[in-house]
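What follows is the content of query39.json, which has JSON, C-alpha atoms:
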```
[["chain", "number", "residue", "atom", "x", "y", "z"],
["A", 30, "MET", "CA", 123.12, 116.63, 100.13],
["A", 31, "THR", "CA", 121.07, 113.52, 100.85],
["A", 32, "THR", "CA", 121.80, 109.83, 100.96],
["A", 33, "ALA", "CA", 119.79, 106.65, 101.14],
["A", 34, "LEU", "CA", 118.27, 105.67, 104.45],
["A", 35, "PRO", "CA", 121.07, 104.28, 106.62],
["A", 36, "PHE", "CA", 119.11, 101.34, 108.01],
["A", 37, "GLN", "CA", 118.16, 99.61, 104.76],
["A", 38, "LEU", "CA", 114.60, 100.71, 105.42],
["A", 39, "SER", "CA", 112.44, 98.87, 102.92],
["A", 40, "TRP", "CA", 109.22, 100.29, 101.56],
["A", 41, "GLU", "CA", 107.45, 97.26, 103.03],
["A", 42, "THR", "CA", 108.73, 98.27, 106.47],
["A", 43, "LEU", "CA", 107.61, 101.84, 105.94],
["A", 44, "LEU", "CA", 104.11, 100.69, 104.99],
["A", 45, "ALA", "CA", 104.05, 98.45, 108.05],
["A", 46, "LEU", "CA", 104.79, 101.51, 110.18],
["A", 47, "ALA", "CA", 102.20, 103.45, 108.23],
["A", 48, "GLY", "CA", 99.65, 100.82, 109.15],
["A", 49, "LEU", "CA", 99.81, 102.16, 112.70],
["A", 50, "GLU", "CA", 97.92, 105.23, 111.52],
["A", 51, "PHE", "CA", 96.50, 104.26, 108.13],
["A", 52, "PRO", "CA", 93.86, 101.52, 108.33],
["A", 53, "ARG", "CA", 93.89, 99.79, 104.97],
["A", 54, "ASP", "CA", 90.51, 98.12, 104.86],
["A", 55, "SER", "CA", 88.43, 101.10, 103.74],
["A", 56, "MET", "CA", 88.60, 104.79, 102.91],
["A", 57, "VAL", "CA", 85.92, 105.48, 105.50],
["A", 58, "ASP", "CA", 88.20, 104.25, 108.29],
["A", 59, "VAL", "CA", 90.93, 106.65, 107.18],
["A", 60, "LEU", "CA", 88.51, 109.54, 106.97],
["A", 61, "GLN", "CA", 87.17, 108.89, 110.45],
["A", 62, "GLN", "CA", 90.59, 108.44, 112.04],
["A", 63, "PHE", "CA", 92.21, 111.55, 110.60],
["A", 64, "GLU", "CA", 89.55, 114.09, 109.83],
["A", 65, "GLY", "CA", 86.49, 112.87, 111.65],
["A", 66, "PRO", "CA", 83.19, 112.39, 109.83],
["A", 67, "GLY", "CA", 82.77, 113.98, 106.42],
["A", 68, "GLY", "CA", 83.39, 111.50, 103.65],
["A", 69, "GLN", "CA", 82.35, 114.09, 101.02],
["A", 70, "ASN", "CA", 85.51, 116.11, 101.55],
["A", 71, "GLU", "CA", 87.00, 116.09, 98.05],
["A", 72, "GLY", "CA", 90.49, 117.06, 99.24],
["A", 73, "LEU", "CA", 90.60, 114.19, 101.69],
["A", 74, "ILE", "CA", 89.49, 111.77, 99.01],
["A", 75, "HIS", "CA", 92.49, 112.87, 96.90],
["A", 76, "ALA", "CA", 94.77, 112.38, 99.92],
["A", 77, "VAL", "CA", 93.53, 108.85, 100.53],
["A", 78, "HIS", "CA", 93.89, 108.10, 96.84],
["A", 79, "GLY", "CA", 97.51, 109.22, 97.21],
["A", 80, "PHE", "CA", 98.01, 106.73, 100.01],
["A", 81, "ARG", "CA", 96.61, 103.97, 97.82],
["A", 82, "GLN", "CA", 99.17, 104.93, 95.18],
["A", 83, "LEU", "CA", 101.89, 104.57, 97.82],
["A", 84, "GLN", "CA", 100.63, 101.10, 98.62],
["A", 85, "ALA", "CA", 101.02, 100.31, 94.93],
["A", 86, "GLY", "CA", 104.58, 101.65, 94.93],
["A", 87, "LYS", "CA", 103.79, 104.69, 92.78],
["A", 88, "PRO", "CA", 105.23, 107.77, 94.54],
["A", 89, "ASP", "CA", 104.87, 110.09, 91.54],
["A", 90, "GLU", "CA", 101.16, 109.37, 91.28],
["A", 91, "ALA", "CA", 100.87, 109.79, 95.05],
["A", 92, "LEU", "CA", 102.44, 113.25, 94.85],
["A", 93, "VAL", "CA", 100.00, 114.29, 92.11],
["A", 94, "ALA", "CA", 97.09, 113.19, 94.30],
["A", 95, "THR", "CA", 98.41, 114.91, 97.43],
["A", 96, "ALA", "CA", 99.05, 118.13, 95.49],
["A", 97, "ARG", "CA", 95.37, 118.17, 94.58],
["A", 98, "ALA", "CA", 94.41, 117.44, 98.17],
["A", 99, "LEU", "CA", 96.57, 120.29, 99.47],
["A", 100, "GLU", "CA", 94.89, 122.70, 97.09],
["A", 101, "PHE", "CA", 91.69, 122.08, 99.02],
["A", 102, "ASP", "CA", 93.32, 122.06, 102.48],
["A", 103, "PRO", "CA", 97.03, 122.97, 102.86],
["A", 104, "SER", "CA", 96.94, 121.77, 106.49],
["A", 105, "SER", "CA", 95.57, 118.29, 105.69],
["A", 106, "LEU", "CA", 97.30, 115.79, 107.96],
["A", 107, "VAL", "CA", 96.70, 112.87, 105.63],
["A", 108, "ALA", "CA", 97.92, 114.69, 102.52],
["A", 109, "ASN", "CA", 101.09, 115.98, 104.17],
["A", 110, "ILE", "CA", 102.03, 112.61, 105.63],
["A", 111, "VAL", "CA", 101.37, 110.84, 102.33],
["A", 112, "ALA", "CA", 103.43, 113.50, 100.54],
["A", 113, "ALA", "CA", 106.26, 113.03, 103.05],
["A", 114, "ALA", "CA", 106.29, 109.28, 102.47],
["A", 115, "ALA", "CA", 106.19, 109.76, 98.69],
["A", 116, "TYR", "CA", 109.09, 112.21, 98.78],
["A", 117, "GLY", "CA", 110.97, 109.80, 101.01],
["A", 118, "MET", "CA", 110.36, 106.96, 98.57],
["A", 119, "ARG", "CA", 111.99, 109.16, 95.91],
["A", 120, "SER", "CA", 114.91, 110.01, 98.26],
["A", 121, "ASN", "CA", 113.95, 113.70, 98.31],
["A", 122, "PHE", "CA", 114.46, 113.94, 102.06],
["A", 123, "GLU", "CA", 114.42, 117.73, 102.35],
["A", 124, "ALA", "CA", 110.92, 117.82, 100.89],
["A", 125, "ALA", "CA", 109.93, 114.82, 103.02],
["A", 126, "VAL", "CA", 111.00, 116.59, 106.21],
["A", 127, "ALA", "CA", 109.14, 119.74, 105.18],
["A", 128, "SER", "CA", 105.94, 117.73, 104.65],
["A", 129, "CYS", "CA", 106.38, 115.99, 108.01],
["A", 130, "GLU", "CA", 106.74, 119.35, 109.73],
["A", 131, "LYS", "CA", 103.55, 120.62, 108.07],
["A", 132, "ALA", "CA", 101.72, 117.50, 109.24],
["A", 133, "LEU", "CA", 102.98, 118.01, 112.78],
["A", 134, "GLU", "CA", 101.79, 121.61, 112.77],
["A", 135, "THR", "CA", 98.31, 120.20, 112.26],
["A", 136, "LYS", "CA", 98.68, 117.32, 114.71],
["A", 137, "PRO", "CA", 101.76, 117.49, 116.98],
["A", 138, "ASP", "CA", 101.01, 114.04, 118.44],
["A", 139, "SER", "CA", 100.94, 112.29, 115.05],
["A", 140, "LEU", "CA", 102.88, 109.09, 115.56],
["A", 141, "MET", "CA", 103.47, 108.55, 111.87],
["A", 142, "GLY", "CA", 104.60, 112.14, 111.43],
["A", 143, "ARG", "CA", 107.20, 111.77, 114.19],
["A", 144, "LEU", "CA", 108.43, 108.42, 112.90],
["A", 145, "LEU", "CA", 108.86, 109.62, 109.34],
["A", 146, "LEU", "CA", 110.48, 112.85, 110.53],
["A", 147, "GLY", "CA", 113.05, 110.86, 112.49],
["A", 148, "LEU", "CA", 113.84, 108.55, 109.60],
["A", 149, "TYR", "CA", 114.24, 111.31, 107.06],
["A", 150, "LEU", "CA", 116.29, 113.53, 109.37],
["A", 151, "SER", "CA", 118.70, 110.64, 109.81],
["A", 152, "SER", "CA", 119.13, 110.49, 106.04],
["A", 153, "MET", "CA", 120.10, 114.17, 106.06],
["A", 154, "HIS", "CA", 122.93, 113.45, 108.52],
["A", 155, "ARG", "CA", 121.10, 115.08, 111.41],
["A", 156, "PRO", "CA", 121.28, 112.22, 113.94],
["A", 157, "GLN", "CA", 120.57, 114.25, 117.07],
["A", 158, "ASP", "CA", 117.43, 115.75, 115.54],
["A", 159, "ALA", "CA", 116.41, 112.30, 114.32],
["A", 160, "ILE", "CA", 116.88, 110.85, 117.81],
["A", 161, "ALA", "CA", 114.69, 113.57, 119.29],
["A", 162, "ALA", "CA", 111.94, 112.87, 116.75],
["A", 163, "LEU", "CA", 112.00, 109.11, 117.31],
["A", 164, "GLU", "CA", 112.08, 109.48, 121.10],
["A", 165, "GLU", "CA", 109.01, 111.70, 120.86],
["A", 166, "ALA", "CA", 107.32, 109.06, 118.67],
["A", 167, "LEU", "CA", 108.08, 106.42, 121.30],
["A", 168, "ARG", "CA", 106.64, 108.62, 124.02],
["A", 169, "LEU", "CA", 103.44, 108.67, 121.97],
["A", 170, "ASN", "CA", 103.51, 104.90, 121.56],
["A", 171, "PRO", "CA", 106.19, 102.87, 123.41],
["A", 172, "GLN", "CA", 105.22, 99.69, 121.57],
["A", 173, "VAL", "CA", 106.67, 100.54, 118.14],
["A", 174, "GLY", "CA", 109.45, 97.95, 118.04],
["A", 175, "PRO", "CA", 111.10, 99.01, 114.73],
["A", 176, "ALA", "CA", 111.52, 102.54, 116.02],
["A", 177, "TYR", "CA", 113.75, 101.25, 118.85],
["A", 178, "TYR", "CA", 115.92, 99.47, 116.30],
["A", 179, "PHE", "CA", 116.33, 102.62, 114.21],
["A", 180, "LEU", "CA", 116.96, 104.60, 117.38],
["A", 181, "ALA", "CA", 119.72, 102.17, 118.36],
["A", 182, "ARG", "CA", 121.46, 102.70, 115.05],
["A", 183, "LEU", "CA", 121.33, 106.45, 115.55],
["A", 184, "HIS", "CA", 122.75, 106.16, 119.07],
["A", 185, "LEU", "CA", 125.68, 104.25, 117.59],
["A", 186, "THR", "CA", 126.16, 107.00, 115.03],
["A", 187, "VAL", "CA", 126.64, 109.56, 117.80],
["A", 188, "GLY", "CA", 128.82, 107.27, 119.91],
["A", 189, "ALA", "CA", 126.34, 106.15, 122.58],
["A", 190, "PRO", "CA", 126.55, 102.32, 122.62],
["A", 191, "ASP", "CA", 124.92, 101.95, 126.05],
["A", 192, "ARG", "CA", 121.83, 103.78, 124.83],
["A", 193, "ALA", "CA", 121.87, 101.64, 121.69],
["A", 194, "ILE", "CA", 121.90, 98.48, 123.81],
["A", 195, "ASP", "CA", 118.99, 99.78, 125.88],
["A", 196, "ALA", "CA", 116.98, 100.54, 122.73],
["A", 197, "LEU", "CA", 117.65, 97.10, 121.24],
["A", 198, "GLU", "CA", 116.69, 95.35, 124.46],
["A", 199, "LYS", "CA", 113.38, 97.24, 124.41],
["A", 200, "ALA", "CA", 112.88, 96.31, 120.75],
["A", 201, "LEU", "CA", 113.30, 92.63, 121.58],
["A", 202, "LYS", "CA", 110.89, 92.80, 124.51],
["A", 203, "ILE", "CA", 108.26, 94.02, 122.06],
["A", 204, "ASN", "CA", 109.23, 91.65, 119.26],
["A", 205, "PRO", "CA", 111.50, 88.73, 120.24],
["A", 206, "LEU", "CA", 111.41, 87.61, 116.59],
["A", 207, "SER", "CA", 113.37, 90.60, 115.29],
["A", 208, "LEU", "CA", 116.41, 89.04, 113.62],
["A", 209, "ALA", "CA", 118.12, 92.37, 112.92],
["A", 210, "ALA", "CA", 117.78, 93.51, 116.53],
["A", 211, "ARG", "CA", 119.19, 90.24, 117.88],
["A", 212, "VAL", "CA", 122.23, 90.31, 115.62],
["A", 213, "GLN", "CA", 122.89, 93.99, 116.30],
["A", 214, "LEU", "CA", 122.57, 93.46, 120.05],
["A", 215, "GLY", "CA", 124.92, 90.49, 119.84],
["A", 216, "ASP", "CA", 127.48, 92.64, 118.04],
["A", 217, "LEU", "CA", 127.24, 95.33, 120.71],
["A", 218, "TYR", "CA", 127.61, 92.83, 123.55],
["A", 219, "ARG", "CA", 130.65, 91.34, 121.83],
["A", 220, "HIS", "CA", 132.30, 94.73, 121.41],
["A", 221, "ARG", "CA", 131.69, 95.39, 125.10],
["A", 222, "GLY", "CA", 133.39, 92.09, 125.99],
["A", 223, "LYS", "CA", 130.14, 90.39, 127.05],
["A", 224, "ASN", "CA", 130.79, 87.24, 125.06],
["A", 225, "LYS", "CA", 128.23, 84.99, 126.73],
["A", 226, "ALA", "CA", 125.49, 87.56, 126.25],
["A", 227, "ALA", "CA", 126.58, 87.94, 122.62],
["A", 228, "LEU", "CA", 126.41, 84.18, 122.07],
["A", 229, "ALA", "CA", 122.91, 84.08, 123.53],
["A", 230, "GLN", "CA", 121.74, 86.71, 121.03],
["A", 231, "TYR", "CA", 123.44, 85.06, 118.06],
["A", 232, "ARG", "CA", 122.01, 81.67, 118.94],
["A", 233, "GLY", "CA", 118.61, 83.26, 119.33],
["A", 234, "ALA", "CA", 119.07, 84.73, 115.85],
["A", 235, "LEU", "CA", 119.81, 81.26, 114.49],
["A", 236, "GLN", "CA", 116.45, 80.10, 115.81],
["A", 237, "LEU", "CA", 114.91, 82.69, 113.48],
["A", 238, "ASP", "CA", 117.12, 82.18, 110.44],
["A", 239, "GLN", "CA", 120.13, 79.97, 109.77],
["A", 240, "THR", "CA", 122.47, 82.51, 108.19],
["A", 241, "ALA", "CA", 126.13, 81.99, 107.39],
["A", 242, "THR", "CA", 127.12, 85.37, 108.82],
["A", 243, "THR", "CA", 125.55, 84.57, 112.19],
["A", 244, "HIS", "CA", 127.41, 81.24, 112.35],
["A", 245, "HIS", "CA", 130.61, 83.14, 111.54],
["A", 246, "ARG", "CA", 129.92, 85.58, 114.37],
["A", 247, "ILE", "CA", 129.44, 82.67, 116.76],
["A", 248, "GLY", "CA", 132.75, 81.23, 115.62],
["A", 249, "GLU", "CA", 134.53, 84.51, 116.35],
["A", 250, "VAL", "CA", 133.09, 84.71, 119.86],
["A", 251, "LEU", "CA", 133.90, 81.08, 120.61],
["A", 252, "GLU", "CA", 137.49, 81.76, 119.56],
["A", 253, "LEU", "CA", 137.60, 84.65, 122.02],
["A", 254, "GLU", "CA", 136.33, 82.24, 124.67],
["A", 255, "GLY", "CA", 139.07, 79.74, 123.80],
["A", 256, "ASP", "CA", 136.66, 77.14, 122.42],
["A", 257, "ARG", "CA", 138.44, 76.19, 119.18],
["A", 258, "GLU", "CA", 136.38, 73.04, 118.61],
["A", 259, "GLY", "CA", 133.16, 74.99, 118.93],
["A", 260, "ALA", "CA", 134.51, 77.67, 116.62],
["A", 261, "ILE", "CA", 135.44, 75.04, 114.03],
["A", 262, "GLU", "CA", 131.89, 73.73, 113.97],
["A", 263, "ALA", "CA", 130.48, 77.25, 113.65],
["A", 264, "TYR", "CA", 132.80, 78.17, 110.77],
["A", 265, "ARG", "CA", 132.17, 74.82, 109.11],
["A", 266, "GLU", "CA", 128.43, 75.48, 109.24],
["A", 267, "ALA", "CA", 128.95, 78.97, 107.82],
["A", 268, "THR", "CA", 130.86, 77.56, 104.85],
["A", 269, "ARG", "CA", 128.25, 74.86, 104.36],
["A", 270, "ILE", "CA", 125.51, 77.48, 104.05],
["A", 271, "ASP", "CA", 127.58, 79.79, 101.85],
["A", 272, "GLU", "CA", 130.63, 78.47, 99.99],
["A", 273, "ARG", "CA", 131.85, 81.97, 99.10],
["A", 274, "LEU", "CA", 133.06, 83.17, 102.50],
["A", 275, "PRO", "CA", 136.86, 83.53, 102.44],
["A", 276, "HIS", "CA", 137.13, 84.75, 106.02],
["A", 277, "SER", "CA", 135.11, 81.81, 107.34],
["A", 278, "GLU", "CA", 137.33, 79.42, 105.36],
["A", 279, "TYR", "CA", 140.42, 81.19, 106.71],
["A", 280, "ARG", "CA", 139.31, 81.12, 110.33],
["A", 281, "LEU", "CA", 138.26, 77.48, 110.00],
["A", 282, "GLY", "CA", 141.69, 76.60, 108.61],
["A", 283, "ALA", "CA", 143.46, 78.66, 111.25],
["A", 284, "CYS", "CA", 141.58, 76.95, 114.08],
["A", 285, "LEU", "CA", 142.34, 73.52, 112.64],
["A", 286, "LEU", "CA", 146.01, 74.46, 112.41],
["A", 287, "GLU", "CA", 146.07, 75.69, 116.00],
["A", 288, "LEU", "CA", 144.66, 72.34, 117.11],
["A", 289, "GLY", "CA", 147.46, 70.48, 115.31],
["A", 290, "ARG", "CA", 145.42, 69.36, 112.30],
["A", 291, "PRO", "CA", 147.37, 70.88, 109.38],
["A", 292, "GLU", "CA", 146.17, 68.31, 106.82],
["A", 293, "GLU", "CA", 142.59, 69.42, 107.43],
["A", 294, "ALA", "CA", 143.59, 73.06, 107.51],
["A", 295, "ILE", "CA", 145.33, 73.11, 104.11],
["A", 296, "PRO", "CA", 142.26, 72.71, 101.84],
["A", 297, "ARG", "CA", 140.36, 75.33, 103.85],
["A", 298, "LEU", "CA", 143.18, 77.85, 103.60],
["A", 299, "GLU", "CA", 143.58, 77.11, 99.90],
["A", 300, "LYS", "CA", 139.87, 77.74, 99.43],
["A", 301, "ALA", "CA", 140.15, 81.03, 101.31],
["A", 302, "LEU", "CA", 142.91, 82.18, 98.96],
["A", 303, "GLU", "CA", 141.03, 80.98, 95.93],
["A", 304, "LEU", "CA", 138.12, 83.19, 96.99],
["A", 305, "ALA", "CA", 140.27, 86.13, 98.12],
["A", 306, "PRO", "CA", 143.87, 86.02, 96.81],
["A", 307, "PRO", "CA", 144.91, 89.19, 98.71],
["A", 308, "LEU", "CA", 144.17, 87.53, 102.07],
["A", 309, "ASP", "CA", 147.78, 87.56, 103.31],
["A", 310, "GLU", "CA", 147.01, 86.10, 106.72],
["A", 311, "ALA", "CA", 145.52, 83.04, 105.03],
["A", 312, "ARG", "CA", 148.64, 82.73, 102.85],
["A", 313, "GLU", "CA", 150.87, 82.83, 105.91],
["A", 314, "ALA", "CA", 148.73, 80.25, 107.70],
["A", 315, "LEU", "CA", 148.83, 78.02, 104.63],
["A", 316, "GLU", "CA", 152.64, 78.16, 104.58],
["A", 317, "ARG", "CA", 152.70, 77.11, 108.24],
["A", 318, "ALA", "CA", 150.20, 74.32, 107.63],
["A", 319, "ARG", "CA", 152.19, 72.93, 104.70],
["A", 320, "LYS", "CA", 155.37, 73.10, 106.72],
["A", 321, "ALA", "CA", 153.74, 71.29, 109.63],
["A", 322, "SER", "CA", 152.39, 68.59, 107.32],
["A", 323, "GLY", "CA", 155.64, 68.18, 105.40],
["A", 324, "THR", "CA", 154.16, 69.45, 102.14],
["A", 325, "ASP", "CA", 155.70, 72.93, 102.17],
["A", 326, "GLY", "CA", 157.35, 72.33, 98.80],
["A", 327, "ALA", "CA", 154.07, 71.75, 97.05],
["A", 328, "ALA", "CA", 153.15, 74.27, 94.38],
["A", 329, "ASP", "CA", 149.66, 75.60, 94.02],
["A", 330, "ALA", "CA", 149.02, 78.17, 91.34],
["A", 331, "THR", "CA", 145.69, 79.14, 92.90],
["A", 332, "VAL", "CA", 147.42, 80.66, 95.93],
["A", 333, "ALA", "CA", 150.37, 82.32, 94.24],
["A", 334, "PRO", "CA", 150.28, 86.07, 94.69],
["A", 335, "ASP", "CA", 149.60, 88.14, 91.59]]
```

Here is the file; what I need is its structure written in the form of structure tokens.
Amino acid sequence: MTTALPFQLSWETLLALAGLEFPRDSMVDVLQQFEGPGGQNEGLIHAVHGFRQLQAGKPDEALVATARALEFDPSSLVANIVAAAAYGMRSNFEAAVASCEKALETKPDSLMGRLLLGLYLSSMHRPQDAIAALEEALRLNPQVGPAYYFLARLHLTVGAPDRAIDALEKALKINPLSLAARVQLGDLYRHRGKNKAALAQYRGALQLDQTATTHHRIGEVLELEGDREGAIEAYREATRIDERLPHSEYRLGACLLELGRPEEAIPRLEKALELAPPLDEAREALERARKASGTDGAADATVAPD
């Protein structure tokens, strides 16, 4: 049984990785890199045509082209890697892995073959095998930043957070602009109780993109650090960016209540319950806020439980 790739791997990302081994400017470059001179090789021409179909987002057409290429040369590196990527695009991960393995029989040090093998093995719930494939890819080229990010996710899957942290730190050394790596590393630091390190990563992520979820994460860490005022500003910013975040509204209201500002807390808690009526902790906080403000007798149909 197969599932979708666990890392939200986009086709654009896959093509970016493919660019490490597939020059896109001309067919001649591909021929020279993979098979050496010999541009008249009809099978290779079909294989390269298949790759162009992948670039156009047409995996079925790519598979037709690679099938023709493999008729001429069953061991063609290009054809097998293109076929693997096409199968992967169609979520046929068993066939994708088989094509990767054929490519690696031809060229064991194929970076793209190792990367794709690792990604597709992970989708078949074989994390240890996927880790081995990605680690081998990184031995071939230690500068492939996305591979460290995927490797970190796999380490988490098998319960190795320290190795995940190490992989993410390496990913950020290669590409400090990786938003996903910064947020993931911040989450890991927070779970390890390294709040200041987590804040540094989240704030670095905000320099790349002002997202509501990152502001919410900052608010949670600031609460752990006892900085209620800072947390209020973070939650307020999260709700400004996205008005549909019940947990941000709830935590904002709860912090205001803890600081003795029930009048400010009430509308936030009401909004949280409007967005998520089953949020019992917000309901309880709202009752306390109304009691503290002397409005506990007020009725509000929007927060009445179903």

With distances taken over all atoms listed in the file, the candidate from A:Ala132, A:Ala85, A:Ala196, A:Ala226 nearest Leu99 (chain A) is A:Ala132

What are the nearest atom pairs, with distances in Å to one decimal, for all residues of region 207-232 of chain A that come at most 10 Å from region 167-184 of chain A, using all atoms listed in the file, set out by chain and rising residue number as JSON lines?
```
{"residue": "A:Ser207", "atom": "CA", "partner": "A:Pro175", "partner_atom": "CA", "distance": 8.7}
{"residue": "A:Ala209", "atom": "CA", "partner": "A:Tyr178", "partner_atom": "CA", "distance": 8.2}
{"residue": "A:Ala210", "atom": "CA", "partner": "A:Tyr178", "partner_atom": "CA", "distance": 6.2}
{"residue": "A:Arg211", "atom": "CA", "partner": "A:Tyr178", "partner_atom": "CA", "distance": 9.9}
{"residue": "A:Gln213", "atom": "CA", "partner": "A:Tyr178", "partner_atom": "CA", "distance": 8.9}
{"residue": "A:Leu214", "atom": "CA", "partner": "A:Ala181", "partner_atom": "CA", "distance": 9.3}
```

Dump of C-alpha atoms for the selected residues, as a PDB file, in the coordinates of the input:
```pdb
ATOM      1  CA  SER A 207     113.370  90.600 115.290  1.00  0.00           C
ATOM      2  CA  ALA A 209     118.120  92.370 112.920  1.00  0.00           C
ATOM      3  CA  ALA A 210     117.780  93.510 116.530  1.00  0.00           C
ATOM      4  CA  ARG A 211     119.190  90.240 117.880  1.00  0.00           C
ATOM      5  CA  GLN A 213     122.890  93.990 116.300  1.00  0.00           C
ATOM      6  CA  LEU A 214     122.570  93.460 120.050  1.00  0.00           C
TER       7      LEU A 214
END
```

Taking 6 positions as the minimum chain separation for residues in the same chain, which residues sit within 8 Å of region 107-119 of chain A when counting all atoms listed in the file? Answer as a ChimeraX atom specification. /A:40,63,73,76-77,79-80,83,88-89,91-92,95-96,98-99,125-129,131-132,141-142,145,149

Do a neighbour search on Ala267 (chain A) at 7 Å with only C-alpha atoms, toss out local chain neighbours closer than 6 positions, and write the hits as a PyMOL selection string. chain A and resi 241-242+244-245+277

What would the file look like if the residues just selected were written as a short mmCIF file (atom, residue, chain, number, x, y, z; two decimals), in the coordinates of the input with C-alpha atoms?
```
data_model
loop_
_atom_site.label_atom_id
_atom_site.label_comp_id
_atom_site.auth_asym_id
_atom_site.auth_seq_id
_atom_site.Cartn_x
_atom_site.Cartn_y
_atom_site.Cartn_z
CA ALA A 241 126.13 81.99 107.39
CA THR A 242 127.12 85.37 108.82
CA HIS A 244 127.41 81.24 112.35
CA HIS A 245 130.61 83.14 111.54
CA SER A 277 135.11 81.81 107.34
#
```

Calculated over all atoms listed in the file, which of the candidates A:Arg221, A:Asp309, A:Gly233, A:Cys284 has the smallest distance to Gly248 (chain A)? A:Cys284

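You will find CA of Pro307 (chain A) at 22.4 Å from CA of Glu292 (chain A).
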
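For the atom pair formed by CA of Glu266 (chain A) and CA of Thr240 (chain A), the distance is 9.3 Å, given to one decimal.
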
Write out as CSV the residues of region 81-126 of chain A that have any atom within 9 Å of an atom of region 150-154 of chain A, one row each with the nearest atom pair and its distance in Å to one decimal, counting only C-alpha atoms, sorted by chain and then rising number.
```
residue,atom,partner,partner_atom,distance
A:Ser120,CA,A:Ser152,CA,8.9
A:Phe122,CA,A:Met153,CA,6.9
A:Glu123,CA,A:Met153,CA,7.7
A:Val126,CA,A:Leu150,CA,6.9
```

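Using all atoms listed in the file, the nearest neighbour of Leu315 (chain A) within the list A:Ile160, A:Ala283, A:Leu217, A:Leu288 is A:Ala283.
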
Using only C-alpha atoms, can you tell me which of A:Gly323, A:His220, A:Leu308, A:Pro156 comes closest to Asp191 (chain A)? A:His220

Which residues are close to Arg257 (chain A), i.e. within 9 Å by all atoms listed in the file, leaving aside same-chain residues fewer than 4 positions away? Reply as a VMD selection string. chain A and resid 248 251 to 253 261 to 262 284 to 285 287 to 288

Specify the axis-aligned box that encloses all atoms of region 85-89 of chain A listed in the file after padding of 5 Å on each side, stating its centre and edge lengths in Å to one decimal as AutoDock Vina command-line options.
```
--center_x 103.1 --center_y 105.2 --center_z 93.2 --size_x 14.2 --size_y 19.8 --size_z 13.4
```
